[in-house]
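**Student:** Okay, here's the structure, questions in a sec.
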Amino acid sequence: MKITVVGTGYVGLVTGTCLAETGNEVICVDIDENKVKQMQSGEVPIYEPHLDVLFERNIKAGRLTFTTDLHKGLDHGEIIFLALPTPEDEDGSADLRYVLGVAKDIGEYITDYKVIVDKSTVPVGTADRVRETIAEYTSTEFDVVSNPEFLREGFAVDDFLKPERIVIGSSSERAIELMKRLYKPFVRSGNPIIVMDEKSAELTKYASNSFLAAKITFMNEIANYCEKVGADVDHVRRGMGTDSRIGKRFLFPGIGYGGSCFPKDVKALHKSGKDANFEFKILSSVIDINNDQKTVLMPKIESYFKGNLSGKKIALWGLAFKPETDDIREAPSLYMVDKLIAAGANVTAFDPEAMPNVKRKLKDKIDFANGMYETLDGADALLICTEWSIFRTPDFNKIKEKLNNPVIFDGRNLYDVEEMQDQNISYYSIGRKT
Ligand code: UGA
């Protein structure tokens with residue numbers, strides 16, 4: 001099939017590449033000329049495991065091409081995916097400027113039937129607005145489909161190629177049949193294609209992300225309470241997770257959820273509720289608790305240093321909002337850095353992928369090291385903000401040798417409390433005994 005993807009962020013690029021992988025002819029459109037040049041020369045502009053292999057293969061096969069020319073893209077695709085940014089507006093709602101801008105261009109240009117697919121996370125009612133915008137400028141037949149994406153950064157390719165479900169929101173049989181044909185190769189294992197109306201599809205995406213954010217937040221509260229009463233959240237988590245109604249996943253407490261999706265989507269759903277005269281009480285709490293959680297280790301650090309962090313050197317492992325990505329949007333590490341610097345401490349950080357992004361954002365506010373152990377030279381404490389695999393089994397003797405004080409503040413509960421006791425390392429984590 002002939003496919004066009006407008007917008008080559010995480011979602012657009014993965015969508016375009018994976019759709020080319022099943023034999024479709026895909027053109028990706030982006031207004032960023034440099035990025036398009038970069039992609040045309042075979043370079044993947046983001047770090048996402050396995051994407052490079054598929055990218056190269058499909059470019060070589062001539063199934064995946066890139067352009068800045070929207071009209072060329074619109075001429076090509078029978079199905080046009082909109083994978084455009086929907087940034088957070090000042091009031092927390094999703095800004096639809098880019099989506100509706102391209103909808104207008106589509107209306108002005110198309111002359112034959114197209115299926116326009118909303119792939120970006122967009123508020124309930126957006127498919128209607130996209131339809132109305134296009135219809136204002138054309139009498140050509142077209143359909144609008146809501147097809148939210150559920151991929152996770154770091155696992156995006158796998159999630160796209162083997163989705164647990166595909167959600168298609170549409171009221172047009174013609175569009176539904178085309179979408180089913182497109183996705184058939186991805187659901188051979190029997191996972192469902194769930195067809196519904198556009199609004200329900202749009203809400204499915206927000207409800208899924210908000211539910212997961214609430215699940216993590218619930219565990220963060222349980223963890224904080226464990227500390228008050230002397231329980232261990234690891235035991236509680238295992239005890240709860242074996243109930244199949246609860247499930248083992250997304251029960252890991254830590255220093256809060258971050259990234260480009262959960263924080264933005266929870267706020268956007270909360271705001272859409274308000275706009276509809278509906279109060280999402282649970283989401284207000286999720287937002288507040290997660291804000292506090294990002295710096296929940298701060299009182300422990302302050303108390304360890306008896307309230308005086310001035311001139312203390314903190315080694316920081318992990319800057320990305322989660323492992324296997326270079327994404328630092330809403331990363332808890334950045335909130336910790338702000339607090340530490342405000343308290344007079346110096347920070348030297350290491351992250352396997354995210355350092356260039358942090359350097360651009362924080363300039364010389366913190367120092368960077370070439371390796372995880374190099375951060376420790378002359379440091380007074382080690383702080384862990386992201387659970388990259390290489391941090392999971394470190395050489396504790398080396399840590400003790402290099403640190404001025406053998407103390408670890410762990411925002412991701414990487415180590416066993418007992419092992420830390422055996423190692424004579426003071427160890428502070430989330431929801432467990434110190
Ligand atoms: C999330 C969803 O998981 C995807 O299904 C969705 O498609 C995506 O948002 C999106 O809307 O585009 P992502 O933001 O890539 O994916 O990352 P997750 O792996 O879900 O992690 C989100 C945050 O929750 C991270 O900060 C992570 O550290 C935190 N988390 C996750 C916890 O604190 N505890 C857990 O048990 C799990």
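Residue names in the structure tokens use chain letters A, B, ... in the order shown, residue numbers from 1 in each chain, and ligand numbers from 1 in the order shown.
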Just want the 10 Å neighbourhood of A:Tyr183, counted on only C-alpha atoms, with same-chain residues fewer than 3 positions away dropped. Output as a list of chain:residue names.
**Tutor:** A:Leu19, A:Thr22, A:Leu161, A:Pro163, A:Ile166, A:Leu178, A:Met179, A:Lys180, A:Phe186, A:Val187, A:Arg188, A:Ile193
**Student:** Within 9 Å of ligand 1 (counting only C-alpha atoms and all ligand atoms), which residues show up? I'd like them as a ChimeraX atom specification.
**Tutor:** /A:10-11,120-121,148-156,159,205-206,208-209,212-213,215-217,219-220,248-265,320-323,325,330-332,386-387,412
**Student:** Save the residues we just selected, C-alpha atoms, as a PDB file, in the first residue's frame?
**Tutor:**
ATOM      1  CA  TYR A  10       9.473   9.077  17.679  1.00  0.00           C
ATOM      2  CA  VAL A  11       6.012   7.939  16.648  1.00  0.00           C
ATOM      3  CA  SER A 120      -0.620  11.527  17.677  1.00  0.00           C
ATOM      4  CA  THR A 121      -2.177  11.490  21.122  1.00  0.00           C
ATOM      5  CA  PRO A 148      -3.626   5.847  18.741  1.00  0.00           C
ATOM      6  CA  GLU A 149      -0.127   4.509  19.209  1.00  0.00           C
ATOM      7  CA  PHE A 150       0.850   2.571  22.341  1.00  0.00           C
ATOM      8  CA  LEU A 151       4.592   2.175  21.765  1.00  0.00           C
ATOM      9  CA  ARG A 152       7.108   2.681  24.545  1.00  0.00           C
ATOM     10  CA  GLU A 153      10.370   4.507  23.987  1.00  0.00           C
ATOM     11  CA  GLY A 154      13.210   1.992  24.063  1.00  0.00           C
ATOM     12  CA  PHE A 155      10.886  -0.791  22.864  1.00  0.00           C
ATOM     13  CA  ALA A 156       9.163   1.139  20.107  1.00  0.00           C
ATOM     14  CA  ASP A 159       5.859  -2.690  20.275  1.00  0.00           C
ATOM     15  CA  LYS A 205      -5.109   6.315  24.628  1.00  0.00           C
ATOM     16  CA  TYR A 206      -5.461   8.913  27.405  1.00  0.00           C
ATOM     17  CA  SER A 208      -4.411   3.855  29.202  1.00  0.00           C
ATOM     18  CA  ASN A 209      -1.554   6.255  29.911  1.00  0.00           C
ATOM     19  CA  LEU A 212      -0.532   3.376  34.123  1.00  0.00           C
ATOM     20  CA  ALA A 213       0.611   6.684  35.620  1.00  0.00           C
ATOM     21  CA  LYS A 215      -0.728   2.613  38.989  1.00  0.00           C
ATOM     22  CA  ILE A 216       2.883   3.795  39.422  1.00  0.00           C
ATOM     23  CA  THR A 217       1.737   6.673  41.609  1.00  0.00           C
ATOM     24  CA  MET A 219       2.847   2.242  44.386  1.00  0.00           C
ATOM     25  CA  ASN A 220       4.892   5.355  45.100  1.00  0.00           C
ATOM     26  CA  LYS A 248       3.329  -7.631  38.040  1.00  0.00           C
ATOM     27  CA  ARG A 249       4.131  -4.768  35.692  1.00  0.00           C
ATOM     28  CA  PHE A 250       4.206  -1.043  36.422  1.00  0.00           C
ATOM     29  CA  LEU A 251       4.322  -1.622  40.162  1.00  0.00           C
ATOM     30  CA  PHE A 252       7.898  -0.388  40.593  1.00  0.00           C
ATOM     31  CA  PRO A 253       8.163   2.581  42.918  1.00  0.00           C
ATOM     32  CA  GLY A 254      10.809   5.203  42.311  1.00  0.00           C
ATOM     33  CA  ILE A 255      11.382   8.916  41.932  1.00  0.00           C
ATOM     34  CA  GLY A 256       8.313   9.400  39.801  1.00  0.00           C
ATOM     35  CA  TYR A 257       7.296   8.881  36.204  1.00  0.00           C
ATOM     36  CA  GLY A 258       8.671  11.205  33.511  1.00  0.00           C
ATOM     37  CA  GLY A 259       8.992  11.310  29.745  1.00  0.00           C
ATOM     38  CA  SER A 260       7.114  12.971  26.967  1.00  0.00           C
ATOM     39  CA  CYS A 261       3.888  11.027  27.451  1.00  0.00           C
ATOM     40  CA  PHE A 262       2.631  10.296  30.976  1.00  0.00           C
ATOM     41  CA  PRO A 263       3.097  13.794  32.468  1.00  0.00           C
ATOM     42  CA  LYS A 264       1.609  15.523  29.408  1.00  0.00           C
ATOM     43  CA  ASP A 265      -1.249  13.060  28.888  1.00  0.00           C
ATOM     44  CA  ALA A 320      17.389   9.889  30.882  1.00  0.00           C
ATOM     45  CA  PHE A 321      13.795   9.672  32.123  1.00  0.00           C
ATOM     46  CA  LYS A 322      14.125   5.887  31.843  1.00  0.00           C
ATOM     47  CA  PRO A 323      16.696   3.407  30.463  1.00  0.00           C
ATOM     48  CA  THR A 325      16.495   6.238  25.652  1.00  0.00           C
ATOM     49  CA  GLU A 330      10.337  15.578  32.455  1.00  0.00           C
ATOM     50  CA  ALA A 331      13.229  13.422  33.701  1.00  0.00           C
ATOM     51  CA  PRO A 332      13.245  13.181  37.520  1.00  0.00           C
ATOM     52  CA  THR A 386      17.754   5.932  36.067  1.00  0.00           C
ATOM     53  CA  GLU A 387      17.934   2.145  36.135  1.00  0.00           C
ATOM     54  CA  ARG A 412      15.219   3.136  41.438  1.00  0.00           C
TER      55      ARG A 412
END
**Student:** From a DSSP calculation on the backbone, collect every residue of stretch 149-294 of chain A in strand (DSSP E or B) and output the set as JSON, numbers by chain.
**Tutor:** {"A": [166, 167, 168, 169, 193, 194, 195, 196]}
**Student:** As an MDAnalysis selection string, please: the residues near A:Glu279 (cut-off 8 Å, only C-alpha atoms, same-chain neighbours under 4 positions excluded).
**Tutor:** chainID A and resid 270 273:274
**Student:** Just C-alpha atoms for this one: save the residues we selected as a PDB file, in the first residue's frame.
**Tutor:**
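That gives us out.pdb:
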ATOM      1  CA  HIS A 270      -7.437  16.339  33.548  1.00  0.00           C
ATOM      2  CA  GLY A 273     -12.332  16.905  32.026  1.00  0.00           C
ATOM      3  CA  LYS A 274     -12.463  20.471  33.327  1.00  0.00           C
TER       4      LYS A 274
END
**Student:** Please measure the separation of atom CA of A:Met355 and atom CA of A:Asp52, giving the value in Å to one decimal.
**Tutor:**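 Computing it gives 20.3 Å between the two atoms.
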**Student:** Show me a table, sorted first by chain and then by increasing residue number, of the residues of stretch 256-343 of chain A having an atom at most 12 Å from stretch 358-379 of chain A, each with its shortest atom pair and the distance in Å to one decimal, counting only C-alpha atoms and written as CSV.
**Tutor:**
residue,atom,partner,partner_atom,distance
A:Gly311,CA,A:Ala379,CA,10.5
A:Lys312,CA,A:Ala379,CA,7.5
A:Lys313,CA,A:Ala379,CA,4.8
A:Ile314,CA,A:Ala379,CA,5.6
A:Ala315,CA,A:Thr375,CA,5.2
A:Leu316,CA,A:Thr375,CA,7.1
A:Trp317,CA,A:Met372,CA,6.7
A:Gly318,CA,A:Met372,CA,9.1
A:Leu319,CA,A:Val358,CA,7.7
A:Ala320,CA,A:Val358,CA,8.7
A:Phe321,CA,A:Val358,CA,11.3
A:Asp326,CA,A:Val358,CA,9.2
A:Asp327,CA,A:Val358,CA,9.3
A:Ile328,CA,A:Val358,CA,7.2
A:Arg329,CA,A:Val358,CA,9.9
A:Glu330,CA,A:Val358,CA,11.8
A:Ala331,CA,A:Val358,CA,10.3
A:Ser333,CA,A:Val358,CA,10.2
A:Leu334,CA,A:Val358,CA,8.6
A:Tyr335,CA,A:Leu362,CA,11.8
A:Met336,CA,A:Ile366,CA,11.8
A:Val337,CA,A:Ile366,CA,8.1
A:Asp338,CA,A:Lys365,CA,9.3
A:Leu340,CA,A:Ile366,CA,10.4
A:Ile341,CA,A:Lys365,CA,8.3
A:Ala342,CA,A:Lys365,CA,11.1
**Student:** Take atom CA of A:Asn346 and atom CA of A:Ile287 and report the distance between them in Å, one decimal.
**Tutor:**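 Distance reported for this atom pair: 29.0 Å.
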**Student:** Which residues come within 9 Å of A:Thr17, counting only C-alpha atoms, excluding same-chain residues fewer than 2 positions away, as a PDB file with N, CA and C atoms, in the first residue's frame?
**Tutor:**
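New file part_23.pdb:
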ATOM      1  N   GLY A  12       6.213   8.989  14.459  1.00  0.00           N
ATOM      2  CA  GLY A  12       6.178   9.019  12.999  1.00  0.00           C
ATOM      3  C   GLY A  12       7.264   8.169  12.375  1.00  0.00           C
ATOM      4  N   LEU A  13       8.469   8.313  12.913  1.00  0.00           N
ATOM      5  CA  LEU A  13       9.604   7.596  12.342  1.00  0.00           C
ATOM      6  C   LEU A  13       9.456   6.085  12.523  1.00  0.00           C
ATOM      7  N   VAL A  14       9.027   5.684  13.708  1.00  0.00           N
ATOM      8  CA  VAL A  14       8.851   4.250  13.963  1.00  0.00           C
ATOM      9  C   VAL A  14       7.699   3.719  13.099  1.00  0.00           C
ATOM     10  N   THR A  15       6.611   4.470  13.030  1.00  0.00           N
ATOM     11  CA  THR A  15       5.464   4.053  12.213  1.00  0.00           C
ATOM     12  C   THR A  15       5.876   3.891  10.759  1.00  0.00           C
ATOM     13  N   LEU A  19       6.099   0.263   8.897  1.00  0.00           N
ATOM     14  CA  LEU A  19       5.143   0.001   7.819  1.00  0.00           C
ATOM     15  C   LEU A  19       5.880  -0.331   6.518  1.00  0.00           C
ATOM     16  N   ALA A  20       7.064   0.258   6.325  1.00  0.00           N
ATOM     17  CA  ALA A  20       7.875  -0.082   5.146  1.00  0.00           C
ATOM     18  C   ALA A  20       8.353  -1.533   5.253  1.00  0.00           C
ATOM     19  N   GLU A  21       8.639  -1.959   6.471  1.00  0.00           N
ATOM     20  CA  GLU A  21       9.162  -3.311   6.725  1.00  0.00           C
ATOM     21  C   GLU A  21       8.200  -4.402   6.232  1.00  0.00           C
ATOM     22  N   VAL A  26       6.539   3.833   1.663  1.00  0.00           N
ATOM     23  CA  VAL A  26       6.280   4.885   2.650  1.00  0.00           C
ATOM     24  C   VAL A  26       7.080   6.149   2.343  1.00  0.00           C
ATOM     25  N   LEU A  51      15.966   0.324  15.592  1.00  0.00           N
ATOM     26  CA  LEU A  51      15.383   1.131  14.513  1.00  0.00           C
ATOM     27  C   LEU A  51      16.375   1.278  13.350  1.00  0.00           C
ATOM     28  N   LEU A  54      16.285  -1.611  10.661  1.00  0.00           N
ATOM     29  CA  LEU A  54      15.094  -1.569   9.797  1.00  0.00           C
ATOM     30  C   LEU A  54      15.145  -0.362   8.861  1.00  0.00           C
ATOM     31  N   PHE A  55      15.614   0.729   9.418  1.00  0.00           N
ATOM     32  CA  PHE A  55      15.720   1.995   8.694  1.00  0.00           C
ATOM     33  C   PHE A  55      16.588   1.794   7.449  1.00  0.00           C
ATOM     34  N   ASN A  58      15.147  -0.687   4.750  1.00  0.00           N
ATOM     35  CA  ASN A  58      14.011  -0.211   3.956  1.00  0.00           C
ATOM     36  C   ASN A  58      14.374   0.957   3.049  1.00  0.00           C
ATOM     37  N   ILE A  59      15.360   1.751   3.488  1.00  0.00           N
ATOM     38  CA  ILE A  59      15.841   2.818   2.588  1.00  0.00           C
ATOM     39  C   ILE A  59      16.496   2.160   1.379  1.00  0.00           C
ATOM     40  N   ARG A  63      11.817   1.436  -0.201  1.00  0.00           N
ATOM     41  CA  ARG A  63      10.435   1.507   0.305  1.00  0.00           C
ATOM     42  C   ARG A  63      10.224   2.658   1.280  1.00  0.00           C
ATOM     43  N   LEU A  64      11.342   3.291   1.717  1.00  0.00           N
ATOM     44  CA  LEU A  64      11.235   4.335   2.730  1.00  0.00           C
ATOM     45  C   LEU A  64      11.988   5.567   2.250  1.00  0.00           C
ATOM     46  N   VAL A 157      10.150  -0.313  18.407  1.00  0.00           N
ATOM     47  CA  VAL A 157      10.096  -1.150  17.212  1.00  0.00           C
ATOM     48  C   VAL A 157       9.351  -2.445  17.522  1.00  0.00           C
TER      49      VAL A 157
END
**Student:** Give me, as a PyMOL selection string, all polymer residues having an atom no more than 12 Å from A:Leu82, counting only C-alpha atoms and skipping those fewer than 3 positions away in the same chain.
**Tutor:** chain A and resi 3-9+11-13+15-16+28-30+70+73-74+77+79+85-86+96+98-103+106+115-122+126-127+130+144-149
**Student:** Take the residues from that selection and write them out as a compact mmCIF listing (two decimals), in the first residue's frame, keeping N, CA and C atoms.
**Tutor:**
# COMPACT_ATOMS: atom_id res chain seq x y z
N ILE A 3 1.75 4.70 1.58
CA ILE A 3 1.53 5.34 2.87
C ILE A 3 2.35 6.62 2.97
N THR A 4 1.75 7.64 3.58
CA THR A 4 2.50 8.86 3.88
C THR A 4 2.40 9.11 5.39
N VAL A 5 3.55 9.47 5.96
CA VAL A 5 3.56 9.79 7.39
C VAL A 5 4.01 11.24 7.52
N VAL A 6 3.18 12.08 8.11
CA VAL A 6 3.55 13.49 8.27
C VAL A 6 4.03 13.69 9.70
N GLY A 7 5.30 14.08 9.84
CA GLY A 7 5.92 14.23 11.17
C GLY A 7 6.83 13.04 11.44
N THR A 8 8.12 13.33 11.68
CA THR A 8 9.06 12.22 11.91
C THR A 8 9.68 12.29 13.30
N GLY A 9 8.84 12.47 14.31
CA GLY A 9 9.29 12.32 15.70
C GLY A 9 9.36 10.84 16.00
N VAL A 11 7.15 8.72 17.14
CA VAL A 11 6.01 7.94 16.65
C VAL A 11 6.02 7.85 15.12
N GLY A 12 6.21 8.99 14.46
CA GLY A 12 6.18 9.02 13.00
C GLY A 12 7.26 8.17 12.37
N LEU A 13 8.47 8.31 12.91
CA LEU A 13 9.60 7.60 12.34
C LEU A 13 9.46 6.08 12.52
N THR A 15 6.61 4.47 13.03
CA THR A 15 5.46 4.05 12.21
C THR A 15 5.88 3.89 10.76
N GLY A 16 6.54 4.91 10.21
CA GLY A 16 6.94 4.87 8.80
C GLY A 16 7.87 3.70 8.52
N CYS A 28 7.94 9.71 4.24
CA CYS A 28 7.83 10.48 5.49
C CYS A 28 8.07 11.95 5.18
N VAL A 29 7.19 12.79 5.70
CA VAL A 29 7.30 14.23 5.44
C VAL A 29 7.64 14.96 6.74
N ASP A 30 8.59 15.89 6.65
CA ASP A 30 8.88 16.73 7.82
C ASP A 30 9.30 18.10 7.34
N LEU A 70 5.21 18.52 1.43
CA LEU A 70 3.95 17.91 1.86
C LEU A 70 3.10 17.49 0.66
N GLY A 73 4.03 14.23 -0.62
CA GLY A 73 3.52 13.21 0.31
C GLY A 73 2.04 12.96 0.10
N LEU A 74 1.29 14.03 -0.12
CA LEU A 74 -0.16 13.89 -0.28
C LEU A 74 -0.51 13.23 -1.62
N GLY A 77 0.39 9.05 -0.85
CA GLY A 77 -0.27 8.14 0.09
C GLY A 77 -1.78 8.02 -0.10
N ILE A 79 -3.20 6.35 2.41
CA ILE A 79 -3.41 6.56 3.85
C ILE A 79 -2.36 7.59 4.32
N PRO A 85 3.54 16.80 16.54
CA PRO A 85 3.60 17.10 17.97
C PRO A 85 2.30 17.71 18.48
N THR A 86 1.94 17.35 19.70
CA THR A 86 0.79 17.98 20.37
C THR A 86 1.29 18.47 21.73
N LEU A 96 -3.21 21.84 19.47
CA LEU A 96 -3.52 21.15 18.20
C LEU A 96 -3.11 21.94 16.97
N TYR A 98 -0.42 22.18 15.17
CA TYR A 98 0.24 21.49 14.05
C TYR A 98 -0.71 20.54 13.32
N VAL A 99 -1.51 19.81 14.11
CA VAL A 99 -2.44 18.84 13.52
C VAL A 99 -3.46 19.56 12.64
N LEU A 100 -4.04 20.64 13.17
CA LEU A 100 -5.08 21.34 12.40
C LEU A 100 -4.48 22.13 11.23
N GLY A 101 -3.22 22.57 11.39
CA GLY A 101 -2.52 23.27 10.30
C GLY A 101 -2.36 22.34 9.11
N VAL A 102 -1.91 21.11 9.36
CA VAL A 102 -1.73 20.16 8.26
C VAL A 102 -3.10 19.74 7.71
N ALA A 103 -4.11 19.65 8.58
CA ALA A 103 -5.47 19.30 8.10
C ALA A 103 -5.93 20.33 7.07
N ILE A 106 -4.15 19.74 3.84
CA ILE A 106 -4.71 18.56 3.17
C ILE A 106 -5.99 18.96 2.44
N VAL A 115 -7.43 8.44 3.34
CA VAL A 115 -7.76 8.18 4.75
C VAL A 115 -6.75 8.96 5.59
N ILE A 116 -7.23 9.87 6.39
CA ILE A 116 -6.34 10.67 7.25
C ILE A 116 -6.38 10.03 8.63
N VAL A 117 -5.20 9.66 9.13
CA VAL A 117 -5.14 8.92 10.40
C VAL A 117 -4.50 9.77 11.49
N ASP A 118 -5.22 10.01 12.57
CA ASP A 118 -4.62 10.69 13.73
C ASP A 118 -3.85 9.66 14.52
N LYS A 119 -2.52 9.76 14.47
CA LYS A 119 -1.65 8.83 15.20
C LYS A 119 -1.16 9.50 16.49
N SER A 120 -1.06 10.82 16.47
CA SER A 120 -0.62 11.53 17.68
C SER A 120 -1.67 11.35 18.77
N THR A 121 -1.23 11.53 20.01
CA THR A 121 -2.18 11.49 21.12
C THR A 121 -2.95 12.80 21.13
N VAL A 122 -4.25 12.71 20.85
CA VAL A 122 -5.04 13.94 20.72
C VAL A 122 -6.33 13.85 21.53
N THR A 126 -10.93 15.41 18.55
CA THR A 126 -9.99 15.93 17.55
C THR A 126 -10.30 15.39 16.16
N ALA A 127 -10.67 14.11 16.05
CA ALA A 127 -10.99 13.56 14.72
C ALA A 127 -12.09 14.40 14.07
N VAL A 130 -10.52 17.64 12.91
CA VAL A 130 -9.71 17.43 11.71
C VAL A 130 -10.63 17.29 10.51
N VAL A 144 -11.57 10.28 8.19
CA VAL A 144 -10.61 10.52 9.28
C VAL A 144 -10.73 9.36 10.26
N VAL A 145 -9.57 8.80 10.63
CA VAL A 145 -9.53 7.65 11.55
C VAL A 145 -8.68 8.03 12.75
N SER A 146 -9.12 7.60 13.93
CA SER A 146 -8.26 7.75 15.10
C SER A 146 -7.59 6.40 15.37
N ASN A 147 -6.26 6.40 15.35
CA ASN A 147 -5.51 5.14 15.50
C ASN A 147 -4.35 5.39 16.47
N PRO A 148 -4.67 5.48 17.78
CA PRO A 148 -3.63 5.85 18.74
C PRO A 148 -2.49 4.83 18.80
N GLU A 149 -1.33 5.34 19.15
CA GLU A 149 -0.13 4.51 19.21
C GLU A 149 0.20 4.20 20.68
**Student:** Would you compute the distance between atom CA of A:Val266 and atom CA of A:Gly239? Give it in Å to one decimal.
**Tutor:** 27.6 Å
**Student:** Choose the residue, out of A:Asp105, A:Ile390, A:Gly411, A:Val195, that has the smallest atom-to-atom separation from A:Val167; count only C-alpha atoms.
**Tutor:** A:Val195
**Student:** Between A:Asn24, A:Ser172, A:Asn34, A:Ser426, which one has atoms that come closest to A:Asp197, using only C-alpha atoms?
**Tutor:**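 Ranked by minimum distance to A:Asp197, first place goes to A:Ser172.
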**Student:** Here is a test: counting only C-alpha atoms, which residue of A:Glu108, A:Val53, A:Ile46, A:Pro356 is nearest to A:His71?
**Tutor:** A:Glu108
**Student:** Nearest residue to A:Met298 out of A:Ser170, A:Thr434, A:Thr65, A:Ser429, using only C-alpha atoms?
**Tutor:**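 Looking at the shortest contact to A:Met298, the residue is A:Ser429.
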